[in-house]
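Containing CSV, C-alpha atoms and all ligand atoms: upload.csv.
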```csv
chain,number,residue,atom,x,y,z
A,59,MET,CA,0.0,0.0,0.0
A,60,ARG,CA,1.4,3.3,-1.0
A,61,LYS,CA,0.9,5.6,1.9
A,62,TYR,CA,2.3,8.8,3.2
A,63,ASP,CA,1.2,11.7,5.3
A,64,ILE,CA,1.8,15.3,4.4
A,65,VAL,CA,0.3,18.4,6.0
A,66,ALA,CA,-1.8,20.2,3.4
A,67,ASN,CA,-3.1,23.5,4.5
A,68,GLU,CA,-3.6,22.3,8.1
A,69,LEU,CA,-5.2,19.1,6.9
A,70,THR,CA,-3.3,15.8,7.1
A,71,GLU,CA,-3.3,14.2,3.7
A,72,THR,CA,-2.8,10.4,3.3
A,73,GLN,CA,-2.8,8.6,0.0
A,74,VAL,CA,-4.2,5.2,0.7
A,75,ALA,CA,-4.4,3.8,-2.8
A,76,ASP,CA,-4.0,4.9,-6.4
A,77,ARG,CA,-6.4,7.9,-6.8
A,78,VAL,CA,-7.8,7.6,-3.3
A,79,VAL,CA,-6.8,10.3,-0.7
A,80,VAL,CA,-7.9,10.9,2.9
A,81,TRP,CA,-7.9,14.4,4.5
A,82,THR,CA,-8.5,15.1,8.2
A,83,ALA,CA,-8.1,18.0,10.6
A,84,GLY,CA,-7.2,15.4,13.3
A,85,GLY,CA,-7.9,15.8,17.0
A,86,ASP,CA,-11.2,15.3,18.6
A,87,THR,CA,-12.8,18.8,19.1
A,88,ILE,CA,-15.8,20.2,17.2
A,89,GLN,CA,-13.4,22.8,15.6
A,90,SER,CA,-11.5,20.0,14.0
A,91,SER,CA,-14.6,18.1,12.9
A,92,TYR,CA,-13.9,15.5,15.7
A,93,GLY,CA,-11.1,14.1,13.5
A,94,THR,CA,-13.5,13.0,10.7
A,95,ASN,CA,-12.0,11.6,7.6
A,96,CYS,CA,-12.9,13.2,4.3
A,97,VAL,CA,-12.0,11.0,1.3
A,98,GLY,CA,-11.3,12.1,-2.3
A,99,VAL,CA,-11.7,9.7,-5.2
A,100,LEU,CA,-9.8,11.2,-8.2
A,101,GLY,CA,-11.3,10.2,-11.5
A,102,SER,CA,-9.6,11.5,-14.6
A,103,GLU,CA,-12.5,13.8,-15.6
A,104,ALA,CA,-14.4,14.1,-12.3
A,105,ALA,CA,-13.7,13.8,-8.6
A,106,LEU,CA,-15.9,12.5,-5.8
A,107,VAL,CA,-15.7,13.8,-2.2
A,108,ILE,CA,-16.9,11.7,0.7
A,109,ASP,CA,-17.9,13.4,4.0
A,110,PRO,CA,-16.7,17.0,3.5
A,111,LEU,CA,-16.2,17.7,7.2
A,112,ILE,CA,-18.2,20.0,9.6
A,113,SER,CA,-17.9,23.5,8.1
A,114,PRO,CA,-17.5,25.4,4.9
A,115,GLY,CA,-14.1,26.6,6.3
A,116,LEU,CA,-12.7,23.0,6.5
A,117,ALA,CA,-14.4,22.1,3.2
A,118,ARG,CA,-12.5,25.0,1.5
A,119,ARG,CA,-9.3,23.4,2.8
A,120,VAL,CA,-10.4,20.1,1.3
A,121,GLU,CA,-11.1,21.9,-1.9
A,122,ALA,CA,-7.6,23.5,-2.0
A,123,ALA,CA,-6.0,20.1,-1.3
A,124,LEU,CA,-8.1,18.6,-4.0
A,125,ARG,CA,-7.0,21.3,-6.5
A,126,ARG,CA,-3.3,20.5,-5.8
A,127,ARG,CA,-4.1,16.9,-6.9
A,128,THR,CA,-6.3,17.4,-10.0
A,129,ASN,CA,-8.0,19.8,-12.3
A,130,ALA,CA,-11.1,17.6,-12.5
A,131,PRO,CA,-14.2,19.2,-10.9
A,132,ALA,CA,-15.9,17.6,-7.9
A,133,ARG,CA,-19.0,16.2,-9.5
A,134,PHE,CA,-20.3,14.2,-6.5
A,135,VAL,CA,-20.4,14.5,-2.8
A,136,VAL,CA,-21.4,11.3,-0.8
A,137,LEU,CA,-22.5,11.6,2.8
A,138,THR,CA,-22.0,8.4,4.8
A,139,HIS,CA,-24.6,9.5,7.4
A,140,HIS,CA,-26.4,12.6,8.7
A,141,HIS,CA,-24.0,13.7,11.6
A,142,THR,CA,-22.9,17.3,11.2
A,143,ASP,CA,-19.1,16.4,11.3
A,144,HIS,CA,-19.7,14.5,8.0
A,145,THR,CA,-22.1,16.8,6.2
A,146,TRP,CA,-21.9,20.5,6.9
A,147,GLY,CA,-19.0,21.2,4.5
A,148,ALA,CA,-21.2,20.0,1.5
A,149,SER,CA,-22.3,23.5,0.5
A,150,ILE,CA,-18.8,24.4,-0.8
A,151,PHE,CA,-19.0,21.6,-3.4
A,152,SER,CA,-22.8,21.7,-4.2
A,153,SER,CA,-22.5,25.5,-4.9
A,154,GLN,CA,-20.0,24.6,-7.6
A,155,GLY,CA,-22.4,22.1,-9.1
A,156,ALA,CA,-21.6,18.8,-7.3
A,157,ALA,CA,-24.6,16.5,-6.7
A,158,VAL,CA,-24.9,15.4,-3.1
A,159,VAL,CA,-25.7,11.7,-2.6
A,160,ALA,CA,-26.8,9.8,0.5
A,161,HIS,CA,-29.2,7.2,1.8
A,162,ARG,CA,-32.8,8.2,2.0
A,163,ALA,CA,-32.9,8.1,5.8
A,164,CYS,CA,-29.8,10.2,6.0
A,165,ARG,CA,-31.6,13.0,4.0
A,166,GLU,CA,-34.6,12.6,6.3
A,167,ARG,CA,-32.6,13.0,9.5
A,168,MET,CA,-30.8,16.0,8.0
A,169,ALA,CA,-34.1,17.7,7.1
A,170,GLU,CA,-35.6,16.9,10.6
A,171,GLN,CA,-32.6,17.8,12.8
A,172,HIS,CA,-30.1,20.1,11.2
A,173,PRO,CA,-32.1,23.4,11.2
A,174,ALA,CA,-32.5,23.3,15.0
A,175,ILE,CA,-28.9,22.2,15.6
A,176,LEU,CA,-27.6,25.0,13.5
A,177,GLU,CA,-29.8,27.5,15.3
A,178,SER,CA,-28.5,26.3,18.7
A,179,ARG,CA,-24.9,26.4,17.6
A,180,ARG,CA,-25.4,30.0,16.3
A,181,ARG,CA,-26.4,30.9,19.8
A,182,GLN,CA,-23.2,29.6,21.4
A,183,PRO,CA,-20.5,32.3,21.2
A,184,GLU,CA,-17.6,29.7,21.1
A,185,LEU,CA,-19.2,28.1,18.0
A,186,ALA,CA,-20.1,31.3,16.2
A,187,ASP,CA,-17.1,31.3,13.9
A,188,LEU,CA,-17.5,27.6,13.0
A,189,VAL,CA,-21.1,28.0,11.8
A,190,ALA,CA,-21.0,31.6,10.6
A,191,ASP,CA,-21.2,30.7,6.9
A,192,THR,CA,-22.8,27.3,7.2
A,193,VAL,CA,-25.5,26.7,4.6
A,194,LEU,CA,-27.6,23.6,5.0
A,195,VAL,CA,-27.8,21.5,1.9
A,196,LEU,CA,-29.9,18.3,1.5
A,197,PRO,CA,-28.8,15.4,-0.7
A,198,GLN,CA,-30.4,15.7,-4.2
A,199,VAL,CA,-29.9,12.1,-4.9
A,200,THR,CA,-31.0,9.4,-2.5
A,201,TYR,CA,-31.0,5.6,-2.7
A,202,ASP,CA,-32.4,2.7,-0.6
A,203,GLU,CA,-30.2,-0.4,-1.0
A,204,ALA,CA,-27.3,0.2,-3.3
A,205,LEU,CA,-26.0,2.5,-5.9
A,206,VAL,CA,-23.0,2.7,-8.3
A,207,ILE,CA,-21.4,6.0,-9.3
A,208,HIS,CA,-19.4,5.8,-12.5
A,209,LEU,CA,-16.6,8.3,-12.5
A,210,GLU,CA,-15.8,7.5,-16.2
A,211,ASP,CA,-12.9,5.2,-15.6
A,212,LEU,CA,-13.7,4.4,-11.9
A,213,GLU,CA,-16.5,2.5,-10.2
A,214,VAL,CA,-17.7,3.6,-6.8
A,215,GLU,CA,-20.2,1.3,-5.1
A,216,LEU,CA,-22.5,2.7,-2.3
A,217,TRP,CA,-24.1,0.1,0.0
A,218,HIS,CA,-26.6,0.5,2.9
A,219,PRO,CA,-26.0,-2.1,5.5
A,220,GLY,CA,-29.2,-1.4,7.4
A,221,TRP,CA,-29.5,0.7,10.6
A,222,GLY,CA,-25.9,0.5,12.1
A,223,HIS,CA,-24.3,3.7,13.3
A,224,THR,CA,-27.4,5.6,12.2
A,225,PRO,CA,-30.5,4.7,10.2
A,226,GLY,CA,-29.1,6.2,7.0
A,227,ASP,CA,-25.6,4.6,6.9
A,228,THR,CA,-23.7,4.2,3.7
A,229,PHE,CA,-20.3,2.5,3.2
A,230,LEU,CA,-18.5,2.6,-0.1
A,231,PHE,CA,-16.4,0.1,-2.0
A,232,LEU,CA,-14.0,0.7,-4.9
A,233,PRO,CA,-13.5,-2.7,-6.4
A,234,GLU,CA,-10.5,-1.9,-8.6
A,235,GLN,CA,-8.6,-0.1,-5.8
A,236,ARG,CA,-9.8,-2.7,-3.3
A,237,VAL,CA,-10.6,0.2,-0.9
A,238,ALA,CA,-13.6,0.3,1.6
A,239,VAL,CA,-14.8,3.6,3.0
A,240,CYS,CA,-16.5,2.6,6.2
A,241,GLY,CA,-18.0,5.8,7.5
A,242,ASP,CA,-18.7,5.6,11.2
A,243,LEU,CA,-19.2,1.8,11.2
A,244,VAL,CA,-15.5,2.0,12.2
A,245,PHE,CA,-13.7,4.3,14.6
A,246,GLU,CA,-10.0,3.6,14.9
A,247,GLY,CA,-8.3,4.9,18.1
A,248,TYR,CA,-11.5,6.9,18.8
A,249,HIS,CA,-14.3,6.0,21.2
A,250,TYR,CA,-17.5,4.9,19.3
A,251,ASN,CA,-20.4,7.2,19.2
A,252,TYR,CA,-23.5,5.1,19.9
A,253,GLU,CA,-25.9,8.1,20.1
A,254,ASP,CA,-28.1,7.0,17.1
A,255,ALA,CA,-26.7,3.4,16.8
A,256,SER,CA,-28.4,0.0,16.8
A,257,VAL,CA,-26.3,-2.3,19.0
A,258,SER,CA,-26.9,-5.3,16.7
A,259,GLY,CA,-26.7,-3.2,13.6
A,260,VAL,CA,-23.2,-1.9,14.3
A,261,ARG,CA,-22.0,-5.5,14.4
A,262,GLN,CA,-24.0,-6.4,11.2
A,263,GLY,CA,-22.3,-3.5,9.5
A,264,LEU,CA,-18.9,-4.8,10.4
A,265,LYS,CA,-19.9,-8.2,8.9
A,266,ALA,CA,-20.9,-6.5,5.7
A,267,LEU,CA,-17.6,-4.7,5.5
A,268,GLU,CA,-15.8,-8.0,6.2
A,269,ALA,CA,-17.5,-9.6,3.1
A,270,LEU,CA,-15.8,-7.0,0.8
A,271,ASP,CA,-12.7,-7.9,-1.2
A,272,ALA,CA,-10.8,-4.9,0.2
A,273,ASP,CA,-7.2,-4.4,1.3
A,274,VAL,CA,-7.7,-0.9,2.7
A,275,PHE,CA,-10.4,0.2,5.2
A,276,ILE,CA,-10.8,3.9,5.8
A,277,PRO,CA,-12.6,4.5,9.2
A,278,GLY,CA,-14.9,7.5,9.8
A,279,HIS,CA,-12.4,8.7,12.4
A,280,GLY,CA,-8.8,7.5,12.8
A,281,PRO,CA,-6.1,6.2,10.4
A,282,ALA,CA,-6.8,3.8,7.6
A,283,GLY,CA,-5.6,0.3,8.0
A,284,GLY,CA,-6.0,-3.3,6.7
A,285,PRO,CA,-8.8,-5.8,7.5
A,286,GLU,CA,-7.6,-5.9,11.1
A,287,VAL,CA,-9.5,-2.7,11.9
A,288,LEU,CA,-12.8,-4.7,11.7
A,289,PRO,CA,-12.1,-7.3,14.5
A,290,ARG,CA,-10.6,-4.5,16.5
A,291,GLN,CA,-13.9,-2.5,16.3
A,292,ALA,CA,-15.9,-5.6,17.1
A,293,ALA,CA,-13.7,-6.3,20.1
A,294,TYR,CA,-14.4,-2.7,21.3
A,295,HIS,CA,-18.2,-3.3,21.1
A,296,ASP,CA,-17.8,-6.5,23.0
A,297,ALA,CA,-15.6,-4.9,25.7
A,298,VAL,CA,-18.1,-2.0,26.1
A,299,GLU,CA,-21.0,-4.4,26.4
A,300,ARG,CA,-19.1,-6.4,29.1
A,301,ILE,CA,-18.2,-3.3,31.0
A,302,VAL,CA,-21.7,-1.8,30.9
A,303,THR,CA,-23.3,-5.2,31.9
A,304,ALA,CA,-20.9,-5.5,34.9
A,305,GLY,CA,-21.6,-1.9,35.8
A,306,VAL,CA,-25.3,-2.3,35.7
A,307,ASP,CA,-25.1,-5.5,37.8
A,308,ALA,CA,-23.0,-3.6,40.3
A,309,GLY,CA,-25.6,-0.8,40.5
A,310,ARG,CA,-23.1,1.8,39.0
A,311,ASP,CA,-24.6,4.9,37.3
A,312,ASP,CA,-23.9,5.9,33.7
A,313,SER,CA,-21.1,8.4,34.5
A,314,ALA,CA,-19.2,5.8,36.7
A,315,ILE,CA,-19.6,3.2,33.8
A,316,ALA,CA,-18.3,5.8,31.3
A,317,GLU,CA,-15.2,6.2,33.5
A,318,ASP,CA,-14.8,2.4,33.5
A,319,ILE,CA,-14.8,2.4,29.7
A,320,ARG,CA,-12.4,5.3,29.4
A,321,SER,CA,-10.0,3.6,31.8
A,322,GLN,CA,-10.1,0.4,29.6
A,323,PHE,CA,-9.1,2.5,26.5
A,324,PRO,CA,-6.8,5.2,28.0
A,325,ASP,CA,-5.3,6.3,24.6
A,326,TYR,CA,-8.6,6.7,22.8
A,327,ARG,CA,-9.8,10.0,21.6
A,328,LEU,CA,-13.3,11.4,21.7
A,329,GLY,CA,-14.0,10.6,25.3
A,330,LEU,CA,-17.0,13.0,25.1
A,331,VAL,CA,-19.1,10.3,23.3
A,332,VAL,CA,-18.5,7.6,25.9
A,333,PRO,CA,-21.8,8.4,27.9
A,334,SER,CA,-23.6,7.3,24.7
A,335,ALA,CA,-22.2,3.8,25.2
A,336,ALA,CA,-23.4,3.5,28.8
A,337,ALA,CA,-26.9,4.7,27.9
A,338,LYS,CA,-27.2,2.6,24.7
A,339,PHE,CA,-26.0,-0.7,26.2
A,340,ARG,CA,-27.9,-0.2,29.4
A,341,ALA,CA,-31.1,0.1,27.3
A,342,SER,CA,-30.2,-2.9,25.2
A,343,ILE,CA,-29.4,-5.1,28.2
A,344,GLY,CA,-32.7,-4.1,29.8
A,345,GLU,CA,-34.5,-5.1,26.6
A,346,THR,CA,-32.7,-8.5,26.5
A,347,ARG,CA,-33.6,-9.2,30.1
A,348,LYS,CA,-37.2,-8.2,29.6
A,349,ARG,CA,-37.5,-10.7,26.7
A,350,GLY,CA,-35.7,-13.3,28.8
A,351,SER,CA,-32.6,-15.2,27.7
A,352,PRO,CA,-33.0,-18.9,26.7
A,353,GLU,CA,-31.7,-20.0,30.0
A,354,THR,CA,-34.1,-18.1,32.2
A,355,ARG,CA,-37.2,-18.6,30.1
B,401,ZN,ZN,-18.4,10.9,12.7
```
Would you kindly transcribe this structure into structure tokens?
Amino acid sequence: MRKYDIVANELTETQVADRVVVWTAGGDTIQSSYGTNCVGVLGSEAALVIDPLISPGLARRVEAALRRRTNAPARFVVLTHHHTDHTWGASIFSSQGAAVVAHRACRERMAEQHPAILESRRRQPELADLVADTVLVLPQVTYDEALVIHLEDLEVELWHPGWGHTPGDTFLFLPEQRVAVCGDLVFEGYHYNYEDASVSGVRQGLKALEALDADVFIPGHGPAGGPEVLPRQAAYHDAVERIVTAGVDAGRDDSAIAEDIRSQFPDYRLGLVVPSAAAKFRASIGETRKRGSPETR
């Protein structure tokens, strides 16, 4: 795998395969888009941008980095899910004529939730700069199960694995490059955000990624790697489930359980999403117990 990091205009640029580039502002603050990966697929006549980060300011840096790579216009933007760190840079490319593509449920969540989120961020002085020139753009193209985008000489497959990280998840596969773009089905070195997740769906999503004939897996957050990133994410889900189950049995509250999870993964970024794990798994454990396990039925 040809791979190197350079700093492009305060974004880290990593080429992960022929004509596939990843840009990130790194870190785990809202100002750096929580470290979300933006991916460029560079066709000879047209480029495709996946997850253009959280703000027009960061998307302009992506655009500048893209311009250093190719003269081909960005014709498509794909959003892997509705969260703002993956979507709010889209206006930069759509205002230049790119079509924004996402799963139908991604568009629905954006339409329902984003106006209120934007209003609330505009009221917070520390976020004023970040959202000053944000323009909400909804996907113009939606799909339900699968879609192929033909960048002349490159094929890009979009797949919906069901409700995983969110109801409107998309992962992408480039068969010739053998590259998978996982969206937030995979966080590498970052805590998992379960806020809108299905506990069984996040594991189903990993199985769908595993079935791909890919050598490179680009997470939603954290560095790209080989197929080993998938079992590592599955092991994280298992560990979190174990920790929450033990915590619930011991009568610990969510903030104590969140501390248990953080201490198990001391080097992981994005500690602020850990309470979502305690809440989500507590609810899922409660459901399982209500239904009764085979042993207790
Ligand atoms: Zn994300």
Could you give me, as a Markdown table, every chain A residue with an atom at most 7 Å from ligand ZN 401 (chain B), plus its closest atom pair and distance in Å to one decimal, counting all atoms listed in the file, rows ordered by chain then number?
```
| residue | atom | partner | partner_atom | distance |
| --- | --- | --- | --- | --- |
| A:Thr94 | CA | B:ZN401 | ZN | 5.7 |
| A:His141 | CA | B:ZN401 | ZN | 6.4 |
| A:Asp143 | CA | B:ZN401 | ZN | 5.7 |
| A:His144 | CA | B:ZN401 | ZN | 6.1 |
| A:Asp242 | CA | B:ZN401 | ZN | 5.5 |
| A:Gly278 | CA | B:ZN401 | ZN | 5.7 |
| A:His279 | CA | B:ZN401 | ZN | 6.4 |
```
* To do: Could you tell me which of A:Ala255, A:Val195, A:Ala266, A:Ala335 comes closest to Gly226 of chain A if we count all atoms listed in the file?
  =>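 For Gly226 of chain A, the nearest of the given residues is A:Ala255.
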* Asked: With distances taken over only C-alpha atoms, which of A:Arg347, A:Arg118, A:Arg133, A:Arg327 is nearest to Thr192 of chain A?
  ->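 Using only C-alpha atoms, the shortest distance to Thr192 of chain A belongs to A:Arg118.
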* Asked: With only C-alpha atoms as the basis for distance, which of A:Ile319, A:Arg162, A:Tyr252, A:Ser152 is at the shortest distance from Ile301 of chain A?
  -> A:Ile319
* At what distance in Å, to one decimal, does atom CA of Pro277 of chain A lie from atom CA of Leu230 of chain A? -> 11.2 Å
* Asked: Near segment 314-318 of chain A, counting all atoms listed in the file, which residues have an atom at most 9 Å away, once you skip same-chain residues fewer than 3 positions from it, shown as a ChimeraX atom specification?
  -> /A:301-302,304-306,310-311,321-322,329,332-336
Print the selection's residues with C-alpha atoms to a file, as a compact mmCIF listing (two decimals), in the frame of the given file.
```txt
# COMPACT_ATOMS: atom_id res chain seq x y z
CA ILE A 301 -18.20 -3.30 31.00
CA VAL A 302 -21.70 -1.80 30.90
CA ALA A 304 -20.90 -5.50 34.90
CA GLY A 305 -21.60 -1.90 35.80
CA VAL A 306 -25.30 -2.30 35.70
CA ARG A 310 -23.10 1.80 39.00
CA ASP A 311 -24.60 4.90 37.30
CA SER A 321 -10.00 3.60 31.80
CA GLN A 322 -10.10 0.40 29.60
CA GLY A 329 -14.00 10.60 25.30
CA VAL A 332 -18.50 7.60 25.90
CA PRO A 333 -21.80 8.40 27.90
CA SER A 334 -23.60 7.30 24.70
CA ALA A 335 -22.20 3.80 25.20
CA ALA A 336 -23.40 3.50 28.80
```
* To do: Compile the contact shell of Pro233 of chain A as a ChimeraX atom specification: residues with an atom at most 10 Å away, counting all atoms listed in the file, same-chain residues fewer than 5 positions apart removed.
  => /A:212-215,238,270-272
* atom CA of Val244 of chain A to atom CA of Phe339 of chain A, straight-line distance in Å ->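 If I compute the distance from atom CA of Phe339 of chain A to atom CA of Val244 of chain A, I get 17.7 Å.
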* To do: Have a look at atom CA of Val193 of chain A and atom CA of Trp146 of chain A and let me know their distance in Å, one decimal.
  => 7.5 Å
